[in-house]
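Raw model20.cif, mmCIF, C-alpha atoms and all ligand atoms:
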```
data_target
#
loop_
_atom_site.label_atom_id
_atom_site.label_comp_id
_atom_site.auth_asym_id
_atom_site.auth_seq_id
_atom_site.Cartn_x
_atom_site.Cartn_y
_atom_site.Cartn_z
CA MET W 26 0.00 0.00 0.00
CA THR W 27 1.40 3.41 -0.94
CA MET W 28 2.30 5.79 1.86
CA GLU W 29 2.30 8.67 -0.59
CA TYR W 30 -0.50 11.10 0.19
CA ASN W 31 -0.40 13.39 -2.79
CA VAL W 32 -2.47 12.41 -5.78
CA ASP W 33 -0.68 10.39 -8.50
CA GLU W 34 -0.73 11.34 -12.20
CA ASN W 35 -3.84 9.24 -12.79
CA GLY W 36 -5.75 10.92 -10.01
CA TYR W 37 -5.43 8.20 -7.37
CA TYR W 38 -4.64 8.17 -3.67
CA GLY W 39 -3.62 4.53 -3.25
CA THR W 40 -6.61 2.66 -4.67
CA PHE W 41 -9.05 5.57 -4.21
CA GLY W 42 -9.96 8.40 -6.57
CA GLY W 43 -9.76 8.47 -10.36
CA ALA W 44 -12.28 10.01 -12.74
CA TYR W 45 -15.30 7.82 -13.49
CA ILE W 46 -17.27 10.11 -15.75
CA PRO W 47 -19.62 9.83 -18.71
CA GLU W 48 -17.98 10.14 -22.12
CA ILE W 49 -19.61 13.52 -22.75
CA LEU W 50 -17.76 15.10 -19.80
CA TYR W 51 -14.39 13.71 -20.78
CA ALA W 52 -13.21 16.82 -22.65
CA ASN W 53 -14.26 19.14 -19.80
CA VAL W 54 -12.52 17.18 -17.08
CA GLU W 55 -9.46 16.65 -19.29
CA THR W 56 -9.15 20.41 -19.98
CA LEU W 57 -9.39 21.11 -16.26
CA ARG W 58 -6.83 18.41 -15.49
CA ASN W 59 -4.38 19.80 -18.04
CA ASN W 60 -4.72 23.39 -16.82
CA TYR W 61 -5.42 23.60 -13.10
CA LEU W 62 -1.86 23.23 -11.82
CA ASN W 63 -0.42 25.71 -14.32
CA ILE W 64 -3.12 28.29 -13.65
CA ILE W 65 -3.04 28.13 -9.85
CA SER W 66 0.74 28.40 -9.79
CA GLU W 67 0.81 31.48 -12.07
CA GLU W 68 2.14 34.55 -10.31
CA GLY W 69 -0.82 36.69 -11.41
CA PHE W 70 -3.31 34.14 -10.12
CA GLN W 71 -1.52 33.81 -6.79
CA LYS W 72 -1.36 37.59 -6.36
CA GLU W 73 -5.05 38.08 -7.06
CA LEU W 74 -6.02 35.18 -4.79
CA ASP W 75 -3.73 36.36 -1.95
CA THR W 76 -5.16 39.87 -2.06
CA LEU W 77 -8.75 38.65 -2.00
CA MET W 78 -7.98 36.15 0.76
CA ARG W 79 -6.64 39.00 2.87
CA ASP W 80 -9.03 41.85 2.09
CA TYR W 81 -12.23 40.02 1.19
CA VAL W 82 -12.16 36.79 3.21
CA GLY W 83 -10.25 38.31 6.15
CA ARG W 84 -7.28 35.93 6.21
CA PRO W 85 -5.17 34.88 7.93
CA SER W 86 -7.81 33.46 10.24
CA PRO W 87 -6.57 33.60 13.85
CA LEU W 88 -4.98 30.66 15.65
CA TYR W 89 -6.49 31.13 19.08
CA TYR W 90 -5.04 29.62 22.25
CA ALA W 91 -8.13 28.36 24.11
CA ARG W 92 -7.11 28.70 27.74
CA ARG W 93 -10.19 27.30 29.46
CA LEU W 94 -10.59 24.46 26.99
CA SER W 95 -6.89 23.66 27.51
CA GLU W 96 -7.38 23.49 31.28
CA LYS W 97 -10.35 21.20 30.83
CA TYR W 98 -8.59 18.68 28.55
CA GLY W 99 -5.06 18.94 29.98
CA ALA W 100 -3.22 19.96 26.81
CA LYS W 101 -2.33 23.11 24.89
CA ILE W 102 -5.36 23.52 22.68
CA TYR W 103 -5.44 25.97 19.80
CA LEU W 104 -8.46 26.71 17.62
CA LYS W 105 -8.01 27.52 13.93
CA ARG W 106 -10.77 30.06 13.45
CA GLU W 107 -12.23 29.41 9.98
CA ASP W 108 -15.54 30.49 11.50
CA LEU W 109 -14.32 34.08 11.29
CA ASN W 110 -14.02 34.04 7.48
CA HIS W 111 -16.42 36.01 5.29
CA THR W 112 -19.61 33.91 4.89
CA GLY W 113 -18.80 32.09 8.12
CA ALA W 114 -16.82 29.01 7.12
CA HIS W 115 -13.84 27.60 5.24
CA LYS W 116 -15.86 27.05 2.04
CA ILE W 117 -15.04 30.50 0.68
CA ASN W 118 -11.33 29.53 0.36
CA ASN W 119 -12.33 27.00 -2.27
CA THR W 120 -15.02 28.92 -4.16
CA LEU W 121 -12.79 31.99 -4.48
CA GLY W 122 -9.94 29.93 -5.93
CA GLN W 123 -12.18 28.04 -8.34
CA ILE W 124 -13.95 31.11 -9.69
CA LEU W 125 -10.62 32.76 -10.49
CA LEU W 126 -9.68 29.56 -12.30
CA ALA W 127 -13.01 29.47 -14.17
CA ARG W 128 -12.47 33.05 -15.34
CA ARG W 129 -9.00 32.27 -16.61
CA MET W 130 -10.44 29.29 -18.51
CA GLY W 131 -12.88 31.66 -20.24
CA LYS W 132 -16.02 30.28 -18.60
CA THR W 133 -19.03 32.56 -18.13
CA ARG W 134 -21.61 30.41 -16.36
CA ILE W 135 -21.10 28.84 -12.91
CA ILE W 136 -23.02 25.89 -11.53
CA ALA W 137 -22.83 24.30 -8.08
CA GLU W 138 -24.57 21.74 -5.92
CA THR W 139 -25.47 22.39 -2.32
CA GLY W 140 -26.86 20.41 0.59
CA ALA W 141 -27.37 22.66 3.57
CA GLY W 142 -26.76 25.67 1.39
CA GLN W 143 -23.36 26.67 2.77
CA HIS W 144 -21.47 25.86 -0.44
CA GLY W 145 -24.29 27.44 -2.44
CA VAL W 146 -23.95 30.69 -0.49
CA ALA W 147 -20.15 30.68 -0.82
CA THR W 148 -20.50 30.14 -4.59
CA ALA W 149 -23.23 32.76 -5.03
CA THR W 150 -21.02 35.18 -3.08
CA VAL W 151 -18.00 34.87 -5.37
CA CYS W 152 -20.28 34.96 -8.45
CA ALA W 153 -21.65 38.31 -7.28
CA LEU W 154 -18.08 39.48 -6.70
CA MET W 155 -16.97 38.41 -10.18
CA ASN W 156 -20.23 39.25 -11.97
CA MET W 157 -20.81 35.70 -13.21
CA GLN W 158 -24.09 33.91 -13.83
CA CYS W 159 -24.76 31.43 -11.02
CA ILE W 160 -27.08 28.41 -10.87
CA VAL W 161 -27.25 26.34 -7.69
CA TYR W 162 -28.86 22.90 -7.61
CA MET W 163 -30.48 22.04 -4.32
CA GLY W 164 -32.77 19.20 -3.25
CA GLU W 165 -36.38 20.14 -2.58
CA THR W 166 -36.13 18.72 0.95
CA ASP W 167 -33.06 20.84 1.69
CA ILE W 168 -34.70 23.95 0.23
CA ARG W 169 -37.48 23.52 2.77
CA ARG W 170 -35.06 22.86 5.65
CA GLN W 171 -32.58 25.65 4.85
CA HIS W 172 -34.74 28.54 3.83
CA LEU W 173 -32.44 31.33 5.02
CA ASN W 174 -29.59 30.10 2.83
CA VAL W 175 -31.94 29.94 -0.17
CA GLN W 176 -32.88 33.57 0.45
CA LYS W 177 -29.23 34.57 0.76
CA MET W 178 -28.35 32.90 -2.55
CA GLN W 179 -31.26 34.64 -4.27
CA MET W 180 -30.33 38.01 -2.79
CA LEU W 181 -26.79 37.45 -4.09
CA GLY W 182 -28.24 37.02 -7.58
CA ALA W 183 -28.09 33.23 -7.95
CA GLU W 184 -30.85 31.06 -9.37
CA VAL W 185 -31.68 28.18 -7.03
CA ARG W 186 -33.00 25.18 -8.96
CA SER W 187 -35.09 22.75 -6.96
CA VAL W 188 -34.22 19.06 -7.46
CA THR W 189 -37.10 16.61 -7.03
CA SER W 190 -35.44 13.30 -7.93
CA GLY W 191 -34.42 10.63 -5.39
CA ASN W 192 -34.46 11.71 -1.77
CA LYS W 193 -34.32 15.36 -2.89
CA THR W 194 -31.10 16.02 -0.95
CA LEU W 195 -27.38 16.61 -1.65
CA LYS W 196 -26.66 13.43 -3.63
CA ASP W 197 -29.55 14.20 -6.00
CA ALA W 198 -28.53 17.86 -6.36
CA THR W 199 -25.01 16.69 -7.31
CA ASN W 200 -26.42 14.35 -9.97
CA GLU W 201 -28.43 17.24 -11.41
CA ALA W 202 -25.41 19.57 -11.48
CA ILE W 203 -23.41 16.90 -13.32
CA ARG W 204 -26.29 16.55 -15.82
CA ASP W 205 -26.25 20.33 -16.41
CA TRP W 206 -22.49 20.24 -16.98
CA CYS W 207 -22.94 17.49 -19.56
CA CYS W 208 -25.41 19.70 -21.50
CA ASN W 209 -23.34 22.88 -21.33
CA PRO W 210 -19.74 21.78 -21.61
CA SER W 211 -18.30 24.83 -23.37
CA ASP W 212 -19.38 27.86 -21.31
CA THR W 213 -20.03 26.27 -17.91
CA TYR W 214 -17.70 25.67 -14.98
CA TYR W 215 -18.79 23.36 -12.16
CA ILE W 216 -17.59 24.52 -8.70
CA ILE W 217 -17.57 21.41 -6.49
CA GLY W 218 -17.75 22.19 -2.77
CA SER W 219 -15.47 19.59 -1.23
CA THR W 220 -12.56 17.21 -1.88
CA VAL W 221 -14.89 14.91 -3.81
CA GLY W 222 -15.82 14.25 -7.44
CA PRO W 223 -13.62 13.14 -10.34
CA HIS W 224 -9.89 13.95 -10.47
CA PRO W 225 -8.66 16.71 -10.46
CA TYR W 226 -11.31 18.12 -8.10
CA PRO W 227 -10.16 16.43 -4.86
CA ASP W 228 -6.58 17.58 -5.41
CA MET W 229 -7.57 21.06 -6.58
CA VAL W 230 -9.88 21.65 -3.60
CA ALA W 231 -7.25 20.30 -1.17
CA ARG W 232 -4.67 22.71 -2.61
CA LEU W 233 -7.05 25.66 -2.37
CA GLN W 234 -7.84 24.78 1.27
CA SER W 235 -4.18 24.12 2.14
CA ILE W 236 -3.85 27.78 3.10
CA ILE W 237 -5.28 26.63 6.46
CA SER W 238 -2.24 24.48 7.28
CA ARG W 239 0.25 26.96 5.83
CA GLU W 240 -1.11 29.55 8.26
CA ILE W 241 -1.11 27.06 11.16
CA LYS W 242 2.61 26.46 10.52
CA ARG W 243 3.48 30.13 10.65
CA GLN W 244 1.19 30.90 13.57
CA LEU W 245 2.32 27.96 15.69
CA PHE W 246 5.93 28.92 15.11
CA SER W 247 5.38 32.44 16.36
CA GLN W 248 3.15 31.45 19.31
CA GLN W 249 4.66 28.14 20.35
CA GLY W 250 8.22 28.25 19.00
CA ARG W 251 7.77 25.17 16.82
CA ASP W 252 5.87 24.94 13.58
CA TYR W 253 4.07 21.64 14.11
CA PRO W 254 1.49 20.41 16.62
CA ASP W 255 1.24 16.94 18.18
CA TYR W 256 -2.35 16.58 17.00
CA LEU W 257 -4.47 18.09 14.25
CA VAL W 258 -8.20 17.59 14.58
CA ALA W 259 -10.90 18.35 11.98
CA CYS W 260 -14.39 17.18 11.04
CA VAL W 261 -14.97 15.35 7.77
CA GLY W 262 -18.01 15.59 5.52
CA GLY W 263 -16.51 15.37 2.04
CA GLY W 264 -13.16 16.27 3.59
CA SER W 265 -12.16 19.78 2.48
CA ASN W 266 -11.55 21.52 5.81
CA ALA W 267 -9.70 18.45 7.08
CA ALA W 268 -7.63 18.25 3.88
CA GLY W 269 -6.70 21.92 4.27
CA THR W 270 -5.82 21.43 7.93
CA PHE W 271 -3.68 18.32 7.28
CA TYR W 272 -2.13 19.26 3.93
CA GLU W 273 1.27 20.63 4.98
CA TYR W 274 1.69 17.88 7.57
CA LEU W 275 0.67 14.79 5.59
CA ARG W 276 4.22 13.47 5.48
CA ASP W 277 5.24 14.73 8.93
CA ASP W 278 5.15 11.70 11.24
CA ARG W 279 5.45 13.87 14.35
CA VAL W 280 1.90 15.05 13.76
CA LYS W 281 -1.05 12.77 14.53
CA LEU W 282 -4.07 13.38 12.32
CA VAL W 283 -7.55 12.94 13.78
CA ALA W 284 -10.67 13.10 11.61
CA ALA W 285 -14.16 13.21 13.12
CA GLU W 286 -17.00 11.87 11.01
CA ALA W 287 -20.68 12.05 11.88
CA ALA W 288 -22.09 8.95 13.57
CA GLY W 289 -25.59 10.43 13.78
CA LEU W 290 -27.53 8.33 16.28
CA GLY W 291 -24.67 5.80 16.33
CA ILE W 292 -22.77 3.54 13.90
CA ASP W 293 -24.82 0.55 15.05
CA THR W 294 -28.08 2.25 14.01
CA ASP W 295 -29.29 2.91 10.46
CA GLN W 296 -29.23 6.66 11.20
CA SER W 297 -25.59 7.53 10.57
CA ALA W 298 -23.24 9.30 8.17
CA ALA W 299 -20.00 7.61 9.29
CA THR W 300 -18.85 6.66 5.80
CA ILE W 301 -15.34 5.53 6.76
CA HIS W 302 -16.69 3.25 9.48
CA LEU W 303 -19.67 1.92 7.53
CA GLY W 304 -18.86 2.36 3.84
CA ARG W 305 -17.56 -0.13 1.30
CA LYS W 306 -15.62 0.53 -1.89
CA GLY W 307 -17.78 1.89 -4.63
CA ILE W 308 -18.14 4.76 -7.08
CA ILE W 309 -19.94 7.97 -6.27
CA HIS W 310 -19.96 11.21 -8.25
CA GLY W 311 -17.04 10.23 -10.43
CA SER W 312 -14.72 8.93 -7.74
CA ARG W 313 -13.80 5.47 -6.47
CA THR W 314 -14.02 5.73 -2.70
CA LEU W 315 -15.87 4.44 0.33
CA VAL W 316 -19.63 4.66 -0.08
CA MET W 317 -22.50 3.93 2.27
CA GLN W 318 -24.49 1.36 0.36
CA THR W 319 -26.82 -1.59 0.71
CA GLU W 320 -25.79 -5.23 0.09
CA ASP W 321 -26.65 -4.84 -3.59
CA GLY W 322 -24.88 -1.52 -4.06
CA GLN W 323 -27.71 1.01 -3.69
CA ILE W 324 -26.41 4.20 -2.08
CA THR W 325 -28.08 4.66 1.31
CA GLU W 326 -29.40 7.95 2.66
CA PRO W 327 -27.07 9.21 5.39
CA TYR W 328 -28.21 10.90 8.57
CA SER W 329 -26.52 13.45 10.85
CA ILE W 330 -27.80 16.33 12.94
CA SER W 331 -25.35 18.43 10.94
CA ALA W 332 -26.42 19.08 7.37
CA GLY W 333 -22.83 19.58 6.19
CA LEU W 334 -21.65 16.10 7.20
CA ASP W 335 -24.41 13.87 5.82
CA TYR W 336 -22.78 12.84 2.54
CA PRO W 337 -22.86 9.10 1.71
CA GLY W 338 -19.33 9.24 0.25
CA ILE W 339 -15.99 10.60 1.45
CA GLY W 340 -13.12 12.24 -0.40
CA PRO W 341 -10.62 9.70 -1.79
CA LEU W 342 -7.73 11.30 0.13
CA HIS W 343 -9.46 10.57 3.42
CA ALA W 344 -10.38 7.02 2.40
CA HIS W 345 -6.65 6.55 1.76
CA LEU W 346 -5.54 8.25 5.00
CA ALA W 347 -7.85 5.89 6.89
CA ALA W 348 -6.81 2.76 4.96
CA THR W 349 -3.11 3.45 5.59
CA HIS W 350 -3.82 4.40 9.23
CA ARG W 351 -2.16 7.77 8.65
CA ALA W 352 -5.29 9.35 10.15
CA GLU W 353 -7.34 8.11 13.06
CA VAL W 354 -11.04 8.39 12.28
CA LEU W 355 -13.52 8.85 15.12
CA ALA W 356 -17.28 8.45 14.72
CA VAL W 357 -18.92 11.22 16.78
CA THR W 358 -22.64 11.06 17.59
CA ASP W 359 -25.15 13.91 17.40
CA ARG W 360 -25.27 13.91 21.17
CA GLN W 361 -21.48 14.17 21.63
CA ALA W 362 -21.31 16.97 19.04
CA VAL W 363 -24.09 18.99 20.63
CA ASP W 364 -22.50 18.64 24.09
CA ALA W 365 -19.17 19.82 22.65
CA ALA W 366 -20.87 22.82 21.03
CA PHE W 367 -22.45 23.90 24.32
CA GLU W 368 -19.15 23.32 26.11
CA LEU W 369 -17.16 25.53 23.71
CA THR W 370 -19.82 28.20 23.92
CA ARG W 371 -19.67 28.33 27.71
CA LEU W 372 -15.91 27.91 28.10
CA GLU W 373 -14.68 30.19 25.32
CA GLY W 374 -17.65 32.27 24.15
CA ILE W 375 -17.55 30.76 20.67
CA ILE W 376 -20.69 29.18 19.16
CA PRO W 377 -19.40 26.68 16.57
CA ALA W 378 -21.17 25.19 13.56
CA LEU W 379 -22.62 21.74 14.27
CA GLU W 380 -20.08 20.27 11.84
CA SER W 381 -17.15 21.81 13.73
CA ALA W 382 -18.66 20.58 17.00
CA HIS W 383 -17.88 17.03 15.82
CA ALA W 384 -14.18 17.93 15.73
CA LEU W 385 -14.39 19.52 19.19
CA ALA W 386 -16.06 16.38 20.55
CA ALA W 387 -12.98 14.40 19.51
CA LEU W 388 -11.09 16.14 22.35
CA GLY W 389 -13.13 14.12 24.84
CA CYS W 390 -12.23 10.85 23.10
CA LYS W 391 -8.44 11.29 23.45
CA LYS W 392 -6.01 11.35 26.35
CA PHE W 393 -3.39 14.10 26.14
CA ARG W 394 -0.22 14.98 28.03
CA PRO W 395 -0.04 18.54 29.41
CA GLU W 396 2.80 19.61 27.11
CA GLU W 397 1.11 18.34 23.95
CA VAL W 398 -0.07 20.86 21.37
CA VAL W 399 -3.45 20.21 19.77
CA VAL W 400 -4.92 22.25 16.92
CA VAL W 401 -8.66 21.89 16.27
CA THR W 402 -10.11 23.51 13.16
CA VAL W 403 -13.38 25.33 13.83
CA SER W 404 -14.65 25.04 10.25
CA GLY W 405 -17.62 27.38 10.67
CA ARG W 406 -19.76 29.48 12.97
CA GLY W 407 -22.99 28.39 14.60
CA ASP W 408 -25.40 31.09 13.41
CA LYS W 409 -26.97 28.76 10.86
CA ASP W 410 -27.58 26.13 13.57
CA MET W 411 -29.23 28.35 16.16
CA GLU W 412 -32.69 26.84 15.65
CA THR W 413 -31.33 23.38 16.41
CA TYR W 414 -29.34 24.60 19.41
CA VAL W 415 -32.29 26.52 20.87
CA LYS W 416 -34.57 23.48 20.57
CA LEU W 417 -32.03 21.30 22.38
CA PHE W 418 -31.27 23.96 24.97
CA ASN W 419 -34.92 24.21 25.96
CA ARG W 420 -35.58 20.49 26.10
C1 LIG Q 501 -19.63 22.09 4.52
C2 LIG Q 501 -19.08 22.17 5.88
C3 LIG Q 501 -18.31 21.12 6.43
C4 LIG Q 501 -18.08 19.82 5.73
O1 LIG Q 501 -17.36 19.89 4.53
P1 LIG Q 501 -15.86 19.41 4.39
O2 LIG Q 501 -15.65 19.43 2.92
O3 LIG Q 501 -15.74 18.04 4.96
O4 LIG Q 501 -15.00 20.37 5.10
C5 LIG Q 501 -17.76 21.30 7.69
N1 LIG Q 501 -17.98 22.43 8.40
C6 LIG Q 501 -18.71 23.45 7.91
C7 LIG Q 501 -18.90 24.67 8.75
C8 LIG Q 501 -19.28 23.35 6.65
O5 LIG Q 501 -20.02 24.38 6.18
#
```

How would this structure read if it were set down as structure tokens?
Amino acid sequence: MTMEYNVDENGYYGTFGGAYIPEILYANVETLRNNYLNIISEEGFQKELDTLMRDYVGRPSPLYYARRLSEKYGAKIYLKREDLNHTGAHKINNTLGQILLARRMGKTRIIAETGAGQHGVATATVCALMNMQCIVYMGETDIRRQHLNVQKMQMLGAEVRSVTSGNKTLKDATNEAIRDWCCNPSDTYYIIGSTVGPHPYPDMVARLQSIISREIKRQLFSQQGRDYPDYLVACVGGGSNAAGTFYEYLRDDRVKLVAAEAAGLGIDTDQSAATIHLGRKGIIHGSRTLVMQTEDGQITEPYSISAGLDYPGIGPLHAHLAATHRAEVLAVTDRQAVDAAFELTRLEGIIPALESAHALAALGCKKFRPEEVVVVTVSGRGDKDMETYVKLFNR
């Protein structure tokens, strides 16, 4: 088994990844594959992205030493504050990079899929900024559940297209976006929201999110006198905030990687989204990875209290990190995540997104030594989850 964690020239991480796409998309994906590395390494591209990251997104996001949380868990705990970014999460790092790429490839029409609406809002935001047409596919069920995000996208000028096939959630919205891309290959660019999909998307999204770990390196060095932690902890839906958090440290054995996936009501129930624990090899949205599926290969509907973690697949990088035991993967239940969210709120005055709360809950599953340095990525803020929190708070 390969212990190489960067993608190979065929788009694989070990046995995971690749590009399993319909013939009609071949030219699109091939053009992207041939151009993405050159474009994102261009000096002009880097300059424009750096400036926008600083002045528009508000980067670098702080690395905050959480004193009371550190006392509680008996280690030096730092929080990487992606929740303080414009639009409230790490997703903007990716959408900003991809829209600059789309513009340089001469595309004029942007499409995206969204589940909870967070990626849809981040995409609609950069489309407004760049004056590009924006169409977001969203399941009918999710549209009902996430009305505020639908209104934000519309106010930003995007068209939200309701998807009524299947379970009317993220997986179905993704299928519909792929169908649109098939029909409009020449003018349309598809902004995928996580480290999923056919190669080169997982690698491209990981690179665009890797700014998180580059900043951690610098910030740890200036605050702690060494540029690496003992532990890095992040939640995993498709895997983009975790990929960004781990990226610079993938080959650094001094650093233990911990990924928290959503167990929902528990991995021994049928209400779970713990793909790495429960999935088997299969193909989903153009990638060979772990997939939650029935005996005969039907993709099963995942469940988590957090809308951003209930994807029935997982990015191929994370499937590989788990298979090679480079990362430890914890399955965190709804209950553990909610408790961790209330704990952070009361100890540090930070209300995290429900997704990020899964990463925070991992702290309670580990035993640390007092001198150990732990960095937890807070992928987003909790504003969008207030209804859920209030309901639970008053129970
Ligand atoms: C979308 C989202 C996630 C999950 O996506 P990844 O690609 O796994 O990072 C996690 N946290 C927040 C706040 C999100 O919006």

Which residues are near ligand LIG 501 (chain Q) in this structure, taking near to mean any atom at most 6 Å from a ligand atom and counting all atoms listed in the file? Format them as a PyMOL selection string.
chain W and resi 114+143+219+261-267+333-334+378+380-381+404-405

All residues 8 Å or closer to Ala285 of chain W, only C-alpha atoms, same chain fewer than 6 positions away omitted, as a PyMOL selection string:
chain W and resi 258-261+354-357+383-384+387

If I put a ball of radius 7 Å at (-18.0, 19.2, -14.7) in the file's coordinates, which residues poke into it when counting all atoms listed in the file, written as a ChimeraX atom specification?
/W:50,53-54,203,206,214-215

Within 9 Å of (0.6, 7.1, 7.1), only C-alpha atoms: residues as a PyMOL selection string?
chain W and resi 27-30+275-276+278+346-352

Applying 10 Å and all atoms listed in the file, which residues near Pro47 of chain W remain after dropping the ones on its own chain fewer than 5 positions away? List them as a PyMOL selection string.
chain W and resi 203-204+207+311

Which residue, W:Ile301, W:Val146, W:Leu94, W:Ala141, has the smallest gap to Thr112 of chain W when you use only C-alpha atoms?
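Checking each candidate against Thr112 of chain W, we get W:Val146 as the closest.
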
To one decimal place, how far is atom CA of Met163 of chain W from atom CA of Asp197 of chain W in Å?
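That distance, rounded to one decimal, is 8.1 Å.
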
Figure out the distance between atom CA of Glu34 of chain W and atom CA of Asn63 of chain W, please, to one decimal in Å.
14.5 Å

Please produce segment 297-311 of chain W, completed to N, CA and C atoms, as a CSV table (one decimal), in the coordinates of the input.
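Output (rebuild.csv):
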```
chain,number,residue,atom,x,y,z
W,297,SER,N,-27.0,7.2,10.4
W,297,SER,CA,-25.6,7.5,10.6
W,297,SER,C,-25.0,8.1,9.3
W,298,ALA,N,-23.9,8.8,9.4
W,298,ALA,CA,-23.2,9.3,8.2
W,298,ALA,C,-21.7,9.0,8.3
W,299,ALA,N,-21.4,8.0,9.1
W,299,ALA,CA,-20.0,7.6,9.3
W,299,ALA,C,-19.5,6.7,8.1
W,300,THR,N,-19.2,7.4,7.0
W,300,THR,CA,-18.8,6.7,5.8
W,300,THR,C,-17.6,5.8,5.9
W,301,ILE,N,-16.6,6.3,6.7
W,301,ILE,CA,-15.3,5.5,6.8
W,301,ILE,C,-15.6,4.3,7.6
W,302,HIS,N,-16.4,4.4,8.6
W,302,HIS,CA,-16.7,3.2,9.5
W,302,HIS,C,-17.6,2.3,8.8
W,303,LEU,N,-18.6,2.8,8.0
W,303,LEU,CA,-19.7,1.9,7.5
W,303,LEU,C,-19.6,1.7,6.0
W,304,GLY,N,-18.8,2.4,5.3
W,304,GLY,CA,-18.9,2.4,3.8
W,304,GLY,C,-18.0,1.2,3.3
W,305,ARG,N,-18.4,0.8,2.0
W,305,ARG,CA,-17.6,-0.1,1.3
W,305,ARG,C,-17.1,0.5,0.0
W,306,LYS,N,-16.1,-0.1,-0.6
W,306,LYS,CA,-15.6,0.5,-1.9
W,306,LYS,C,-16.7,0.6,-2.9
W,307,GLY,N,-16.8,1.7,-3.6
W,307,GLY,CA,-17.8,1.9,-4.6
W,307,GLY,C,-17.5,3.2,-5.4
W,308,ILE,N,-18.4,3.5,-6.3
W,308,ILE,CA,-18.1,4.8,-7.1
W,308,ILE,C,-19.3,5.7,-6.8
W,309,ILE,N,-18.9,6.9,-6.5
W,309,ILE,CA,-19.9,8.0,-6.3
W,309,ILE,C,-19.4,9.3,-6.9
W,310,HIS,N,-20.3,9.9,-7.6
W,310,HIS,CA,-20.0,11.2,-8.2
W,310,HIS,C,-18.6,11.2,-8.9
W,311,GLY,N,-18.3,10.2,-9.6
W,311,GLY,CA,-17.0,10.2,-10.4
W,311,GLY,C,-15.8,9.8,-9.7
```
